[in-house]
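Q: Input: one structure, supplied below.
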Amino acid sequence: MFKDRVIRDDKLIHMKRELGFLDDFLCNLVPKYSDYFLLLGCPREENSLLEIVKWDKEFTKSVIETSAEEETRLTGIGIRPSFNRKLPRGFLIRKEMREWVRYWMELPYISLYSDASHLEQFLSEMEKRTVGVLHELLSMSLLKKMPVPIIGKLKDEYRFSNAFASVFTRHSGLFYLSLKGGFKIAVLREAYQNEELIDRHPLSLLTRESRPEQRVASVKYTY
């Protein structure tokens with residue numbers, strides 16, 4: 001989770017289209033749920049912050065954890081949270097990488113909602129946590145994809161390394177990078193089949209998707 005459960009509101013504004021927020025979400029949505037959120041300062045002003053004032057565990061289950069719980073309920077067998085790897089057609093894992101992949105997959109899943117302040121950047125556990133954070137962010141987006149520079153805005157909050165974008169190619173069974181138009185767009189692989197979104201969110205049908213190059217061009221790379 002974010003350090004001190006606080007985030008600059010301009011970072012959320014950069015992500016509003018990807019998450020399906022209205023333009024005035026800070027002015028209308030936040031006051032409506034004042035039991036949970038507190039806006040410090042005026043929206044869009046420098047150093048304006050959004051703080052979580054009530055931590056509700058009901059809202060702190062990731063897509064991965066929710067899926068494991070549902071499968072456990074249906075089968076009666078304890079299923080631990082794990083990623084759904086979907087390797088590209090014809091993709092083969094080199095022999096020297098198989099042991100590492102097996103080891104990495106056996107590491108426990110670390111939710112983005114848990115405290116990871118004790119993890120060092122060089123640890124495999126930290127990489128797994130980073131993958132979990134990126135998976136959840138893309139899962140929450142309307143189109144299950146997001147420009148890499150926009151994700152980079154959360155680098156400090158989630159303690160991403162400077163080379164965090166390499167995760168998208170390092171874990172190609174979970175993500176892929178679209179370079180359409182010369183811009184990096186991170187895509188959640190399991191959400192697509194033959195380049196078509198499998199489960200389209202109703203909000204995505206009501207709003208027209210802006211061109212990726214328009215979204216990325218307005219965001220400076222910060223990593």
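Each chain of the structure tokens is named A, B, ... in the order shown, its residues numbered from 1; ligands are numbered from 1 in display order.
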Please tabulate, as a tab-separated table, the residues of stretch 62-128 of chain A that come within 12 Å of stretch 4-9 of chain A, each with its closest pair of atoms and the distance in Å to one decimal, counting only C-alpha atoms and ordering rows by chain, then residue number upward.
A:
residue	atom	partner	partner_atom	distance
A:Tyr113	CA	A:Arg5	CA	10.2
A:Ser114	CA	A:Arg5	CA	11.5
A:Asp115	CA	A:Asp4	CA	10.6
A:Ser117	CA	A:Asp4	CA	11.3
Q: Take the residues from that selection and write them out as a JSON list (two decimals), in the first residue's frame, keeping C-alpha atoms.
A:
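Result went into part_2.json, see below:
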[["chain", "number", "residue", "atom", "x", "y", "z"],
["A", 113, "TYR", "CA", -2.36, -3.97, 0.05],
["A", 114, "SER", "CA", 0.11, -5.51, 2.50],
["A", 115, "ASP", "CA", 3.11, -3.80, 4.07],
["A", 117, "SER", "CA", 8.50, -1.91, 3.64]]
Q: Could you produce a table of the residues of stretch 37-117 of chain A lying within 10 Å of stretch 152-175 of chain A, with the nearest pair of atoms per residue and their separation in Å rounded to one decimal, using only C-alpha atoms, ordered by chain and increasing residue number, as CSV?
A:
residue,atom,partner,partner_atom,distance
A:Phe83,CA,A:Leu174,CA,7.6
A:Asn84,CA,A:Leu174,CA,7.1
A:Arg85,CA,A:Gly173,CA,4.7
A:Lys86,CA,A:Gly173,CA,4.7
A:Leu87,CA,A:Gly173,CA,4.3
A:Pro88,CA,A:Gly173,CA,6.9
A:Phe91,CA,A:Gly173,CA,9.3
A:Val101,CA,A:His171,CA,9.5
A:Leu112,CA,A:Tyr158,CA,8.1
A:Ala116,CA,A:Tyr158,CA,8.9
A:Ser117,CA,A:Arg159,CA,8.6
Q: Find the residues near A:Tyr192: any atom within 12 Å, counting only C-alpha atoms, skip ones fewer than 5 places away on the same chain, and give them as JSON, numbers by chain.
A: {"A": [86, 88, 139, 143, 144, 145, 174, 175, 176, 187, 197, 198, 199, 200]}
Q: Could you write out, as an mmCIF file with N, CA and C atoms, in the first residue's frame, all the residues of stretch 43-186 of chain A that DSSP marks as helix (DSSP H, G or I)?
A:
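After the write, out.cif holds the following:
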data_model
loop_
_atom_site.group_PDB
_atom_site.id
_atom_site.type_symbol
_atom_site.label_atom_id
_atom_site.label_comp_id
_atom_site.auth_asym_id
_atom_site.auth_seq_id
_atom_site.Cartn_x
_atom_site.Cartn_y
_atom_site.Cartn_z
ATOM 1 N N LYS A 57 -10.793 -3.686 5.512
ATOM 2 C CA LYS A 57 -10.222 -4.907 4.945
ATOM 3 C C LYS A 57 -11.089 -5.504 3.842
ATOM 4 N N GLU A 58 -12.355 -5.123 3.813
ATOM 5 C CA GLU A 58 -13.249 -5.624 2.768
ATOM 6 C C GLU A 58 -12.779 -5.195 1.383
ATOM 7 N N PHE A 59 -12.074 -4.060 1.325
ATOM 8 C CA PHE A 59 -11.626 -3.519 0.046
ATOM 9 C C PHE A 59 -10.160 -3.827 -0.243
ATOM 10 N N VAL A 63 -7.446 -9.037 -7.020
ATOM 11 C CA VAL A 63 -8.114 -9.937 -7.961
ATOM 12 C C VAL A 63 -7.584 -11.360 -7.805
ATOM 13 N N ILE A 64 -6.283 -11.478 -7.610
ATOM 14 C CA ILE A 64 -5.653 -12.794 -7.444
ATOM 15 C C ILE A 64 -6.185 -13.486 -6.193
ATOM 16 N N GLU A 65 -6.263 -12.758 -5.087
ATOM 17 C CA GLU A 65 -6.743 -13.342 -3.831
ATOM 18 C C GLU A 65 -8.224 -13.696 -3.908
ATOM 19 N N THR A 66 -9.010 -12.827 -4.517
ATOM 20 C CA THR A 66 -10.446 -13.082 -4.653
ATOM 21 C C THR A 66 -10.700 -14.327 -5.492
ATOM 22 N N SER A 67 -9.933 -14.485 -6.569
ATOM 23 C CA SER A 67 -10.075 -15.650 -7.437
ATOM 24 C C SER A 67 -9.732 -16.937 -6.691
ATOM 25 N N ALA A 68 -8.666 -16.904 -5.889
ATOM 26 C CA ALA A 68 -8.263 -18.086 -5.122
ATOM 27 C C ALA A 68 -9.328 -18.457 -4.094
ATOM 28 N N GLU A 69 -9.903 -17.459 -3.448
ATOM 29 C CA GLU A 69 -10.951 -17.717 -2.458
ATOM 30 C C GLU A 69 -12.193 -18.321 -3.114
ATOM 31 N N GLU A 70 -12.549 -17.817 -4.289
ATOM 32 C CA GLU A 70 -13.719 -18.336 -4.993
ATOM 33 C C GLU A 70 -13.487 -19.776 -5.439
ATOM 34 N N GLU A 71 -12.287 -20.069 -5.923
ATOM 35 C CA GLU A 71 -11.970 -21.429 -6.348
ATOM 36 C C GLU A 71 -11.962 -22.383 -5.156
ATOM 37 N N THR A 72 -11.484 -21.898 -4.021
ATOM 38 C CA THR A 72 -11.499 -22.704 -2.800
ATOM 39 C C THR A 72 -12.929 -23.020 -2.384
ATOM 40 N N ARG A 73 -13.792 -22.024 -2.494
ATOM 41 C CA ARG A 73 -15.201 -22.220 -2.126
ATOM 42 C C ARG A 73 -15.880 -23.237 -3.037
ATOM 43 N N LEU A 74 -15.562 -23.194 -4.323
ATOM 44 C CA LEU A 74 -16.214 -24.077 -5.287
ATOM 45 C C LEU A 74 -15.696 -25.513 -5.212
ATOM 46 N N THR A 75 -14.405 -25.669 -4.940
ATOM 47 C CA THR A 75 -13.805 -27.005 -4.963
ATOM 48 C C THR A 75 -13.678 -27.643 -3.586
ATOM 49 N N LYS A 95 15.983 -23.827 -21.083
ATOM 50 C CA LYS A 95 16.222 -24.794 -20.017
ATOM 51 C C LYS A 95 16.803 -24.138 -18.779
ATOM 52 N N GLU A 96 17.755 -23.209 -18.978
ATOM 53 C CA GLU A 96 18.406 -22.578 -17.830
ATOM 54 C C GLU A 96 17.464 -21.646 -17.064
ATOM 55 N N MET A 97 16.332 -21.289 -17.682
ATOM 56 C CA MET A 97 15.373 -20.408 -17.018
ATOM 57 C C MET A 97 14.277 -21.175 -16.285
ATOM 58 N N ARG A 98 14.113 -22.445 -16.604
ATOM 59 C CA ARG A 98 12.997 -23.204 -16.044
ATOM 60 C C ARG A 98 13.060 -23.312 -14.531
ATOM 61 N N GLU A 99 14.264 -23.559 -14.004
ATOM 62 C CA GLU A 99 14.405 -23.678 -12.553
ATOM 63 C C GLU A 99 14.068 -22.366 -11.862
ATOM 64 N N TRP A 100 14.526 -21.260 -12.465
ATOM 65 C CA TRP A 100 14.223 -19.959 -11.867
ATOM 66 C C TRP A 100 12.717 -19.689 -11.894
ATOM 67 N N VAL A 101 12.066 -19.993 -13.007
ATOM 68 C CA VAL A 101 10.618 -19.782 -13.120
ATOM 69 C C VAL A 101 9.880 -20.625 -12.084
ATOM 70 N N ARG A 102 10.304 -21.879 -11.936
ATOM 71 C CA ARG A 102 9.668 -22.764 -10.959
ATOM 72 C C ARG A 102 9.848 -22.216 -9.541
ATOM 73 N N TYR A 103 11.069 -21.771 -9.245
ATOM 74 C CA TYR A 103 11.348 -21.204 -7.920
ATOM 75 C C TYR A 103 10.514 -19.950 -7.682
ATOM 76 N N TRP A 104 10.457 -19.074 -8.693
ATOM 77 C CA TRP A 104 9.735 -17.811 -8.553
ATOM 78 C C TRP A 104 8.242 -18.045 -8.360
ATOM 79 N N MET A 105 7.686 -19.001 -9.088
ATOM 80 C CA MET A 105 6.261 -19.292 -8.976
ATOM 81 C C MET A 105 5.908 -19.869 -7.609
ATOM 82 N N GLU A 106 6.864 -20.532 -6.966
ATOM 83 C CA GLU A 106 6.615 -21.123 -5.653
ATOM 84 C C GLU A 106 6.686 -20.096 -4.528
ATOM 85 N N SER A 124 13.978 -11.588 -4.605
ATOM 86 C CA SER A 124 12.981 -12.157 -5.515
ATOM 87 C C SER A 124 11.575 -11.899 -5.000
ATOM 88 N N GLU A 125 11.431 -11.862 -3.671
ATOM 89 C CA GLU A 125 10.120 -11.586 -3.078
ATOM 90 C C GLU A 125 9.627 -10.190 -3.456
ATOM 91 N N MET A 126 10.563 -9.236 -3.563
ATOM 92 C CA MET A 126 10.181 -7.884 -3.944
ATOM 93 C C MET A 126 9.742 -7.847 -5.402
ATOM 94 N N GLU A 127 10.410 -8.619 -6.239
ATOM 95 C CA GLU A 127 9.996 -8.678 -7.641
ATOM 96 C C GLU A 127 8.598 -9.282 -7.758
ATOM 97 N N LYS A 128 8.333 -10.304 -6.949
ATOM 98 C CA LYS A 128 7.006 -10.918 -7.004
ATOM 99 C C LYS A 128 5.945 -9.935 -6.518
ATOM 100 N N ARG A 129 6.289 -9.156 -5.522
ATOM 101 C CA ARG A 129 5.352 -8.147 -5.038
ATOM 102 C C ARG A 129 5.100 -7.090 -6.114
ATOM 103 N N THR A 130 6.157 -6.675 -6.812
ATOM 104 C CA THR A 130 6.013 -5.697 -7.889
ATOM 105 C C THR A 130 5.113 -6.238 -8.992
ATOM 106 N N VAL A 131 5.310 -7.499 -9.352
ATOM 107 C CA VAL A 131 4.451 -8.128 -10.356
ATOM 108 C C VAL A 131 3.000 -8.122 -9.882
ATOM 109 N N GLY A 132 2.793 -8.403 -8.594
ATOM 110 C CA GLY A 132 1.441 -8.395 -8.043
ATOM 111 C C GLY A 132 0.801 -7.019 -8.101
ATOM 112 N N VAL A 133 1.586 -5.990 -7.817
ATOM 113 C CA VAL A 133 1.078 -4.616 -7.879
ATOM 114 C C VAL A 133 0.684 -4.261 -9.309
ATOM 115 N N LEU A 134 1.553 -4.563 -10.260
ATOM 116 C CA LEU A 134 1.277 -4.242 -11.659
ATOM 117 C C LEU A 134 0.074 -5.024 -12.180
ATOM 118 N N HIS A 135 -0.031 -6.273 -11.769
ATOM 119 C CA HIS A 135 -1.178 -7.099 -12.173
ATOM 120 C C HIS A 135 -2.479 -6.491 -11.653
ATOM 121 N N GLU A 136 -2.472 -6.039 -10.413
ATOM 122 C CA GLU A 136 -3.684 -5.463 -9.824
ATOM 123 C C GLU A 136 -4.037 -4.125 -10.472
ATOM 124 N N LEU A 137 -3.037 -3.291 -10.732
ATOM 125 C CA LEU A 137 -3.294 -2.002 -11.375
ATOM 126 C C LEU A 137 -3.930 -2.192 -12.749
ATOM 127 N N LEU A 138 -3.380 -3.114 -13.532
ATOM 128 C CA LEU A 138 -3.938 -3.366 -14.861
ATOM 129 C C LEU A 138 -5.318 -4.011 -14.762
ATOM 130 N N SER A 139 -5.520 -4.854 -13.752
ATOM 131 C CA SER A 139 -6.822 -5.494 -13.560
ATOM 132 C C SER A 139 -7.896 -4.465 -13.223
ATOM 133 N N MET A 140 -7.514 -3.402 -12.518
ATOM 134 C CA MET A 140 -8.472 -2.367 -12.133
ATOM 135 C C MET A 140 -8.797 -1.411 -13.274
ATOM 136 N N VAL A 148 2.857 2.923 -19.835
ATOM 137 C CA VAL A 148 3.920 2.718 -18.850
ATOM 138 C C VAL A 148 4.302 4.014 -18.125
ATOM 139 N N PRO A 149 4.378 5.168 -18.811
ATOM 140 C CA PRO A 149 4.719 6.404 -18.089
ATOM 141 C C PRO A 149 3.709 6.759 -16.998
ATOM 142 N N ILE A 150 2.444 6.420 -17.214
ATOM 143 C CA ILE A 150 1.434 6.707 -16.193
ATOM 144 C C ILE A 150 1.631 5.792 -14.988
ATOM 145 N N ILE A 151 1.927 4.516 -15.245
ATOM 146 C CA ILE A 151 2.236 3.602 -14.139
ATOM 147 C C ILE A 151 3.460 4.105 -13.380
ATOM 148 N N GLY A 152 4.420 4.648 -14.126
ATOM 149 C CA GLY A 152 5.642 5.162 -13.509
ATOM 150 C C GLY A 152 5.397 6.290 -12.524
ATOM 151 N N PHE A 164 11.673 -0.782 -13.375
ATOM 152 C CA PHE A 164 10.468 -1.587 -13.154
ATOM 153 C C PHE A 164 9.807 -2.034 -14.455
ATOM 154 N N ALA A 165 9.940 -1.243 -15.525
ATOM 155 C CA ALA A 165 9.270 -1.574 -16.785
ATOM 156 C C ALA A 165 9.784 -2.873 -17.391
ATOM 157 N N SER A 166 10.983 -3.313 -16.989
ATOM 158 C CA SER A 166 11.523 -4.568 -17.515
ATOM 159 C C SER A 166 10.701 -5.765 -17.054
ATOM 160 N N VAL A 167 9.916 -5.583 -15.997
ATOM 161 C CA VAL A 167 9.061 -6.665 -15.493
ATOM 162 C C VAL A 167 8.077 -7.124 -16.565
ATOM 163 N N PHE A 168 7.618 -6.197 -17.398
ATOM 164 C CA PHE A 168 6.614 -6.540 -18.403
ATOM 165 C C PHE A 168 7.153 -7.508 -19.452
ATOM 166 N N THR A 169 8.442 -7.427 -19.760
ATOM 167 C CA THR A 169 9.037 -8.366 -20.715
ATOM 168 C C THR A 169 9.624 -9.580 -20.003
ATOM 169 N N ARG A 170 10.074 -9.387 -18.787
ATOM 170 C CA ARG A 170 10.640 -10.498 -18.010
ATOM 171 C C ARG A 170 9.558 -11.523 -17.663
ATOM 172 N N LYS A 180 2.588 0.173 -30.161
ATOM 173 C CA LYS A 180 1.826 0.815 -31.220
ATOM 174 C C LYS A 180 1.989 2.331 -31.144
ATOM 175 N N GLY A 181 2.342 2.924 -32.253
ATOM 176 C CA GLY A 181 2.529 4.367 -32.284
ATOM 177 C C GLY A 181 3.828 4.818 -31.653
ATOM 178 N N GLY A 182 4.684 3.850 -31.281
ATOM 179 C CA GLY A 182 5.965 4.209 -30.683
ATOM 180 C C GLY A 182 5.897 4.481 -29.200
#
Q: DSSP on the backbone, then: every residue of stretch 80-186 of chain A marked strand (DSSP E or B), written as a PyMOL selection string.
A: chain A and resi 145-147+175-178+185-186
Q: Name the closest residue to A:Ile13 among the candidates A:Ser34, A:Ser48, A:Thr60, A:Gln193; distances are taken between atoms, counting only C-alpha atoms.
A: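 Closest to A:Ile13, using only C-alpha atoms: A:Ser48.
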Q: I need the residue nearest A:Pro147 from this list: A:Ile93, A:Met15, A:Ala191, A:Ile77. Use only C-alpha atoms for the distance.
A: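 That would be A:Met15, the residue with the smallest distance to A:Pro147.
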Q: So which one's closest to A:Leu39, A:Lys61, A:Ser141, A:Asp10, A:Gly76? Using only C-alpha atoms, please.
A: A:Asp10
Q: Please, what distance in Å, to one decimal, runs between atom CA of A:Leu38 and atom CA of A:Glu51?
A: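 Between atom CA of A:Leu38 and atom CA of A:Glu51 the gap works out to 5.1 Å.
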Q: Name the residues in contact with A:Leu142 at a cut-off of 7 Å, using only C-alpha atoms, excluding same-chain residues fewer than 3 positions from it; report them as a PyMOL selection string.
A: chain A and resi 18-20+201+204
Q: Kindly give the distance, in Å, that separates atom CA of A:Tyr109 and atom CA of A:Leu12, rounded to a single decimal.
A: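 According to the coordinates, atom CA of A:Tyr109 and atom CA of A:Leu12 are separated by 25.8 Å.
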Q: Closest to A:Ser62 among A:Ile110, A:Ala186, A:Leu179, A:Leu29, using only C-alpha atoms?
A: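 Among the listed residues, A:Ile110 lies closest to A:Ser62.
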